[in-house]
Amino acid sequence: MSTEDILSEIESEMAKVHTQSLDLSFNELMDMYENKELDISPDYQRLFRWTEGARSRFIESLLLEMPVPPIYVVETENGVYQLIDGLQRFSSYLHLRGKLTAEHMEIAEGNKLVLSDCDIVKSLNDLTYDELPLSLKIKLKRSFVRVEVVRKGSDNKFKYHMFKRLNTGGEALTQQQVRNCTIRMLDPKFNDFIIRLSQDHHYKICTSLLSESQKFGAFDQELVLRYFTFKNNRAAFKHDIADFLTEYMEGVSSGTTDFDYADNESNFKKVFEVLSKAHGEKVFGRINSDDGLQSNFNIYHFESITIGIQSVINQIDENDDAIIDKIRSGIIQLKKDGTFKTQTTGGGKNSPGPLKSRIEIAIKYLEGALK
């Protein structure tokens, strides 16, 4: 490609973007937030995780007039700003003022930050905003921050890629947390579908042994995405699993990948009803020496069993106890298989070869169980 072609492509992409820089005080931003002129999506708000010490030191930085990184927003069609970067800083200010609601942190509106761990101006510790001298209150209200605005009319894919790049460094976000916030900028339908199915009764039973930290990181939602990605697009899996899941979610959300919502939902619910009736919360656990199932969750068992059962799911009556007994027995036999144990123990098994092998083993035992 020639230099002219490269420059032309860059200019073409730049023409899709309209930006504006503003200098706004934190008090102005708070007023906009209260008046619903500045929005923080619930999925993004759940990523707020700074400790009270980190929040306090940020407030201390404002009082000391230290430089503050820009905040990024996108302008929606109705003129509302949607926050896409700067959540930790802005939420810290809201908490100081008693305007923050963050259920996952057990912070309710009206709860005000008590400053702690300020290591430069230690006399700030144990104070709330109301207890600060008037001059410091005014100083905080008038603390300015650069706000970079992606104006309405800008290409949605640019907004998506901007959020994705801003939020894949710095804070330790899980891949699914980033997907939840970014891909809904393309279209929220598939994202909302995944979140809703992650609350399915039988699915929750089958994944109840996930840790609290995994659930907080939306791993239960990622498993729903993983289910549909491997069910519908396994042949395309070549390399990194995280990128593979993201690309499939992008494809469905942007409309470039076909997805029958009704058919996939029906399939999902039937599969997890069958599995929950067969082995409940231990269905994806390893097997003990006495053929009992362990109380753990193994991702390789999840992939193998949920995809392996696809070849027989239409033959199964989920209300037939005799059929469920056969599936229960087939899963036990699968977990006892020596090759399957090797393929599902230890790390480094997320490549096409081992994945194909363990799914084929699962198919063999589940099909055999119904003969």
# chains A, B, ... in the order shown; residues from 1 in each chain; ligands from 1
>>> residues_around(residues="Lys269 of chain A", least_positions_apart="5", cutoff="8 Å", atoms="only C-alpha atoms", output="list in words")
Asp200, His202 and Tyr203 of chain A
>>> residues_around(residues="segment 341-356 of chain A", least_positions_apart="6", cutoff="8 Å", atoms="only C-alpha atoms", output="PDB file with C-alpha atoms, in the first residue's frame")
ATOM      1  CA  PHE A 237     -11.703 -21.041  16.525  1.00  0.00           C
ATOM      2  CA  LYS A 238      -8.011 -20.677  15.686  1.00  0.00           C
ATOM      3  CA  HIS A 239      -6.157 -18.980  18.528  1.00  0.00           C
ATOM      4  CA  ASP A 240      -6.795 -16.687  21.514  1.00  0.00           C
ATOM      5  CA  ILE A 241     -10.076 -17.533  23.249  1.00  0.00           C
ATOM      6  CA  ASN A 298     -13.900 -26.912  35.537  1.00  0.00           C
ATOM      7  CA  TYR A 300     -13.022 -27.654  30.169  1.00  0.00           C
ATOM      8  CA  HIS A 301     -15.854 -29.818  31.502  1.00  0.00           C
ATOM      9  CA  SER A 304     -17.060 -30.382  26.560  1.00  0.00           C
ATOM     10  CA  LYS A 335     -15.464 -37.991  33.470  1.00  0.00           C
TER      11      LYS A 335
END
>>> closest_residue(among="A:Glu247, A:Asp5, A:Glu28, A:Asp155", to="Thr76 of chain A", atoms="only C-alpha atoms")
A:Asp155
>>> residues_around(residues="Phe90 of chain A", least_positions_apart="2", cutoff="10 Å", atoms="only C-alpha atoms", output="PyMOL selection string")
chain A and resi 26+29-30+48+55+58+71+83+85-88+92-96+100
>>> atom_distance(atom1="atom CA of Gly53 of chain A", atom2="atom CA of Val147 of chain A")
24.7 Å
>>> atom_distance(atom1="atom CA of Thr246 of chain A", atom2="atom CA of Phe158 of chain A")
16.2 Å
>>> select_by_dssp(residues="segment 26-211 of chain A", states="strand (DSSP E)", output="list of chain:residue names")
A:Leu38, A:Asp39, A:Ile71, A:Tyr72, A:Val73, A:Val74, A:Glu75, A:Tyr81, A:Gln82, A:Leu83, A:Ile84, A:Asp85, A:Phe144, A:Val145, A:Arg146, A:Val147, A:Glu148, A:Val149, A:Val150
>>> closest_residue(among="A:Asp23, A:Glu367, A:Glu4, A:Glu273", to="Val149 of chain A", atoms="only C-alpha atoms")
A:Asp23
>>> closest_atom_pairs(of="segment 164-207 of chain A", to="segment 252-268 of chain A", cutoff="10 Å", atoms="only C-alpha atoms", output="CSV")
residue,atom,partner,partner_atom,distance
A:Ile183,CA,A:Ser253,CA,7.0
A:Arg184,CA,A:Ser253,CA,7.6
A:Met185,CA,A:Ser253,CA,9.1
A:Leu186,CA,A:Ser254,CA,5.9
A:Asp187,CA,A:Ser253,CA,5.4
A:Pro188,CA,A:Ser253,CA,7.2
A:Lys189,CA,A:Ser253,CA,7.0
A:Phe190,CA,A:Ser253,CA,5.8
A:Asn191,CA,A:Ser253,CA,7.8
A:Phe193,CA,A:Tyr261,CA,8.3
A:Ile194,CA,A:Glu265,CA,9.6
A:Leu197,CA,A:Glu265,CA,7.8
A:Asp200,CA,A:Phe268,CA,9.4
A:His202,CA,A:Phe268,CA,9.9
A:Tyr203,CA,A:Phe268,CA,8.7
>>> residues_around(residues="segment 228-233 of chain A", least_positions_apart="2", cutoff="8 Å", atoms="only C-alpha atoms", output="NGL selection string")
:A and (224-226 or 235-237 or 245 or 248 or 264 or 303 or 307 or 310)
>>> write_last_selection(atoms="C-alpha atoms", output="CSV table (one decimal), in the first residue's frame")
chain,number,residue,atom,x,y,z
A,224,VAL,CA,-23.1,-17.8,28.3
A,225,LEU,CA,-21.2,-16.1,25.6
A,226,ARG,CA,-18.7,-19.0,25.4
A,235,ALA,CA,-15.1,-24.2,13.4
A,236,ALA,CA,-13.7,-20.7,13.3
A,237,PHE,CA,-11.7,-21.0,16.5
A,245,LEU,CA,-15.3,-14.5,22.1
A,248,TYR,CA,-18.3,-13.4,17.9
A,264,ASN,CA,-30.8,-20.2,20.7
A,303,GLU,CA,-17.2,-26.6,27.2
A,307,ILE,CA,-21.2,-28.6,23.3
A,310,GLN,CA,-25.8,-30.8,21.2
>>> decode(residues="segment 144-278 of chain A", atoms="C-alpha atoms", output="mmCIF file, in the first residue's frame")
data_model
loop_
_atom_site.group_PDB
_atom_site.id
_atom_site.type_symbol
_atom_site.label_atom_id
_atom_site.label_comp_id
_atom_site.auth_asym_id
_atom_site.auth_seq_id
_atom_site.Cartn_x
_atom_site.Cartn_y
_atom_site.Cartn_z
ATOM 1 C CA PHE A 144 -11.416 21.694 36.745
ATOM 2 C CA VAL A 145 -10.826 18.687 34.545
ATOM 3 C CA ARG A 146 -10.460 18.451 30.786
ATOM 4 C CA VAL A 147 -13.465 16.650 29.275
ATOM 5 C CA GLU A 148 -12.958 15.173 25.817
ATOM 6 C CA VAL A 149 -16.296 14.870 24.017
ATOM 7 C CA VAL A 150 -16.965 12.567 21.086
ATOM 8 C CA ARG A 151 -19.818 14.487 19.483
ATOM 9 C CA LYS A 152 -23.062 13.002 18.226
ATOM 10 C CA GLY A 153 -22.842 12.109 14.566
ATOM 11 C CA SER A 154 -19.535 10.333 15.125
ATOM 12 C CA ASP A 155 -19.337 6.753 13.892
ATOM 13 C CA ASN A 156 -20.589 4.239 16.494
ATOM 14 C CA LYS A 157 -17.724 1.871 15.766
ATOM 15 C CA PHE A 158 -15.252 4.652 16.548
ATOM 16 C CA LYS A 159 -16.958 5.209 19.922
ATOM 17 C CA TYR A 160 -16.788 1.486 20.571
ATOM 18 C CA HIS A 161 -13.089 1.182 19.724
ATOM 19 C CA MET A 162 -12.288 4.299 21.742
ATOM 20 C CA PHE A 163 -13.950 2.929 24.881
ATOM 21 C CA LYS A 164 -12.342 -0.461 24.343
ATOM 22 C CA ARG A 165 -8.832 1.007 24.118
ATOM 23 C CA LEU A 166 -9.311 3.409 27.004
ATOM 24 C CA ASN A 167 -10.558 0.644 29.278
ATOM 25 C CA THR A 168 -8.231 -2.260 28.533
ATOM 26 C CA GLY A 169 -5.319 -0.749 30.427
ATOM 27 C CA GLY A 170 -4.901 0.648 33.902
ATOM 28 C CA GLU A 171 -7.812 -0.844 35.815
ATOM 29 C CA ALA A 172 -7.850 -4.631 36.093
ATOM 30 C CA LEU A 173 -11.110 -5.220 34.231
ATOM 31 C CA THR A 174 -12.135 -8.673 33.087
ATOM 32 C CA GLN A 175 -12.690 -9.262 29.390
ATOM 33 C CA GLN A 176 -16.434 -9.689 29.894
ATOM 34 C CA GLN A 177 -16.722 -6.455 31.881
ATOM 35 C CA VAL A 178 -15.116 -4.603 28.994
ATOM 36 C CA ARG A 179 -17.378 -6.400 26.492
ATOM 37 C CA ASN A 180 -20.493 -5.513 28.490
ATOM 38 C CA CYS A 181 -19.656 -1.820 28.385
ATOM 39 C CA THR A 182 -18.253 -1.539 24.900
ATOM 40 C CA ILE A 183 -20.216 -3.832 22.632
ATOM 41 C CA ARG A 184 -23.552 -2.384 23.691
ATOM 42 C CA MET A 185 -22.369 0.753 21.876
ATOM 43 C CA LEU A 186 -22.791 -1.235 18.658
ATOM 44 C CA ASP A 187 -26.179 -2.625 19.719
ATOM 45 C CA PRO A 188 -27.250 -3.706 23.235
ATOM 46 C CA LYS A 189 -29.596 -6.547 22.204
ATOM 47 C CA PHE A 190 -27.115 -9.457 22.311
ATOM 48 C CA ASN A 191 -25.430 -8.107 25.448
ATOM 49 C CA ASP A 192 -28.781 -7.883 27.256
ATOM 50 C CA PHE A 193 -29.703 -11.362 25.995
ATOM 51 C CA ILE A 194 -26.535 -12.843 27.518
ATOM 52 C CA ILE A 195 -27.067 -11.071 30.842
ATOM 53 C CA ARG A 196 -30.687 -12.249 31.006
ATOM 54 C CA LEU A 197 -29.802 -15.885 30.284
ATOM 55 C CA SER A 198 -27.077 -15.789 32.946
ATOM 56 C CA GLN A 199 -29.974 -15.474 35.417
ATOM 57 C CA ASP A 200 -31.767 -18.594 34.138
ATOM 58 C CA HIS A 201 -32.707 -20.830 37.089
ATOM 59 C CA HIS A 202 -31.146 -24.065 35.820
ATOM 60 C CA TYR A 203 -28.050 -22.296 34.491
ATOM 61 C CA LYS A 204 -27.484 -20.699 37.901
ATOM 62 C CA ILE A 205 -27.670 -24.128 39.540
ATOM 63 C CA CYS A 206 -25.080 -25.528 37.116
ATOM 64 C CA THR A 207 -22.697 -22.597 37.712
ATOM 65 C CA SER A 208 -23.342 -22.034 41.417
ATOM 66 C CA LEU A 209 -19.828 -23.206 42.323
ATOM 67 C CA LEU A 210 -18.226 -20.208 40.626
ATOM 68 C CA SER A 211 -16.405 -18.019 43.134
ATOM 69 C CA GLU A 212 -17.759 -14.647 44.190
ATOM 70 C CA SER A 213 -14.820 -12.934 42.476
ATOM 71 C CA GLN A 214 -15.647 -14.762 39.233
ATOM 72 C CA LYS A 215 -19.266 -13.635 39.447
ATOM 73 C CA PHE A 216 -18.197 -10.073 40.252
ATOM 74 C CA GLY A 217 -16.036 -10.162 37.134
ATOM 75 C CA ALA A 218 -19.054 -11.305 35.054
ATOM 76 C CA PHE A 219 -17.516 -14.726 34.369
ATOM 77 C CA ASP A 220 -20.985 -16.295 34.565
ATOM 78 C CA GLN A 221 -21.989 -14.027 31.686
ATOM 79 C CA GLU A 222 -18.824 -14.872 29.768
ATOM 80 C CA LEU A 223 -19.736 -18.556 30.042
ATOM 81 C CA VAL A 224 -23.074 -17.841 28.339
ATOM 82 C CA LEU A 225 -21.173 -16.081 25.551
ATOM 83 C CA ARG A 226 -18.701 -18.970 25.386
ATOM 84 C CA TYR A 227 -21.600 -21.422 25.087
ATOM 85 C CA PHE A 228 -23.117 -19.698 22.058
ATOM 86 C CA THR A 229 -19.745 -18.958 20.472
ATOM 87 C CA PHE A 230 -18.624 -22.592 20.540
ATOM 88 C CA LYS A 231 -22.098 -23.928 19.751
ATOM 89 C CA ASN A 232 -22.483 -21.750 16.666
ATOM 90 C CA ASN A 233 -18.964 -20.901 15.534
ATOM 91 C CA ARG A 234 -16.527 -23.510 16.863
ATOM 92 C CA ALA A 235 -15.058 -24.248 13.434
ATOM 93 C CA ALA A 236 -13.691 -20.698 13.282
ATOM 94 C CA PHE A 237 -11.703 -21.041 16.525
ATOM 95 C CA LYS A 238 -8.011 -20.677 15.686
ATOM 96 C CA HIS A 239 -6.157 -18.980 18.528
ATOM 97 C CA ASP A 240 -6.795 -16.687 21.514
ATOM 98 C CA ILE A 241 -10.076 -17.533 23.249
ATOM 99 C CA ALA A 242 -10.672 -13.985 24.567
ATOM 100 C CA ASP A 243 -10.397 -12.462 21.095
ATOM 101 C CA PHE A 244 -12.519 -15.264 19.647
ATOM 102 C CA LEU A 245 -15.343 -14.543 22.105
ATOM 103 C CA THR A 246 -15.086 -10.794 21.551
ATOM 104 C CA GLU A 247 -15.150 -11.151 17.764
ATOM 105 C CA TYR A 248 -18.251 -13.355 17.903
ATOM 106 C CA MET A 249 -20.048 -10.924 20.218
ATOM 107 C CA GLU A 250 -19.064 -8.032 17.945
ATOM 108 C CA GLY A 251 -20.324 -9.937 14.912
ATOM 109 C CA VAL A 252 -23.738 -10.711 16.397
ATOM 110 C CA SER A 253 -24.113 -7.202 17.833
ATOM 111 C CA SER A 254 -23.184 -5.468 14.581
ATOM 112 C CA GLY A 255 -25.429 -7.742 12.506
ATOM 113 C CA THR A 256 -22.644 -9.313 10.450
ATOM 114 C CA THR A 257 -23.152 -12.707 12.157
ATOM 115 C CA ASP A 258 -26.592 -14.348 12.025
ATOM 116 C CA PHE A 259 -28.156 -15.269 15.357
ATOM 117 C CA ASP A 260 -31.641 -16.718 15.897
ATOM 118 C CA TYR A 261 -32.534 -15.449 19.370
ATOM 119 C CA ALA A 262 -35.629 -17.603 19.906
ATOM 120 C CA ASP A 263 -33.978 -20.836 18.758
ATOM 121 C CA ASN A 264 -30.784 -20.234 20.731
ATOM 122 C CA GLU A 265 -32.666 -19.331 23.900
ATOM 123 C CA SER A 266 -34.814 -22.458 23.691
ATOM 124 C CA ASN A 267 -31.713 -24.599 23.157
ATOM 125 C CA PHE A 268 -29.840 -22.959 26.050
ATOM 126 C CA LYS A 269 -32.675 -23.420 28.526
ATOM 127 C CA LYS A 270 -33.216 -27.058 27.592
ATOM 128 C CA VAL A 271 -29.516 -27.950 27.825
ATOM 129 C CA PHE A 272 -29.108 -26.471 31.286
ATOM 130 C CA GLU A 273 -32.380 -27.913 32.551
ATOM 131 C CA VAL A 274 -31.177 -31.372 31.513
ATOM 132 C CA LEU A 275 -27.739 -30.849 33.071
ATOM 133 C CA SER A 276 -29.082 -29.388 36.318
ATOM 134 C CA LYS A 277 -31.455 -32.348 36.683
ATOM 135 C CA ALA A 278 -28.626 -34.782 35.922
#
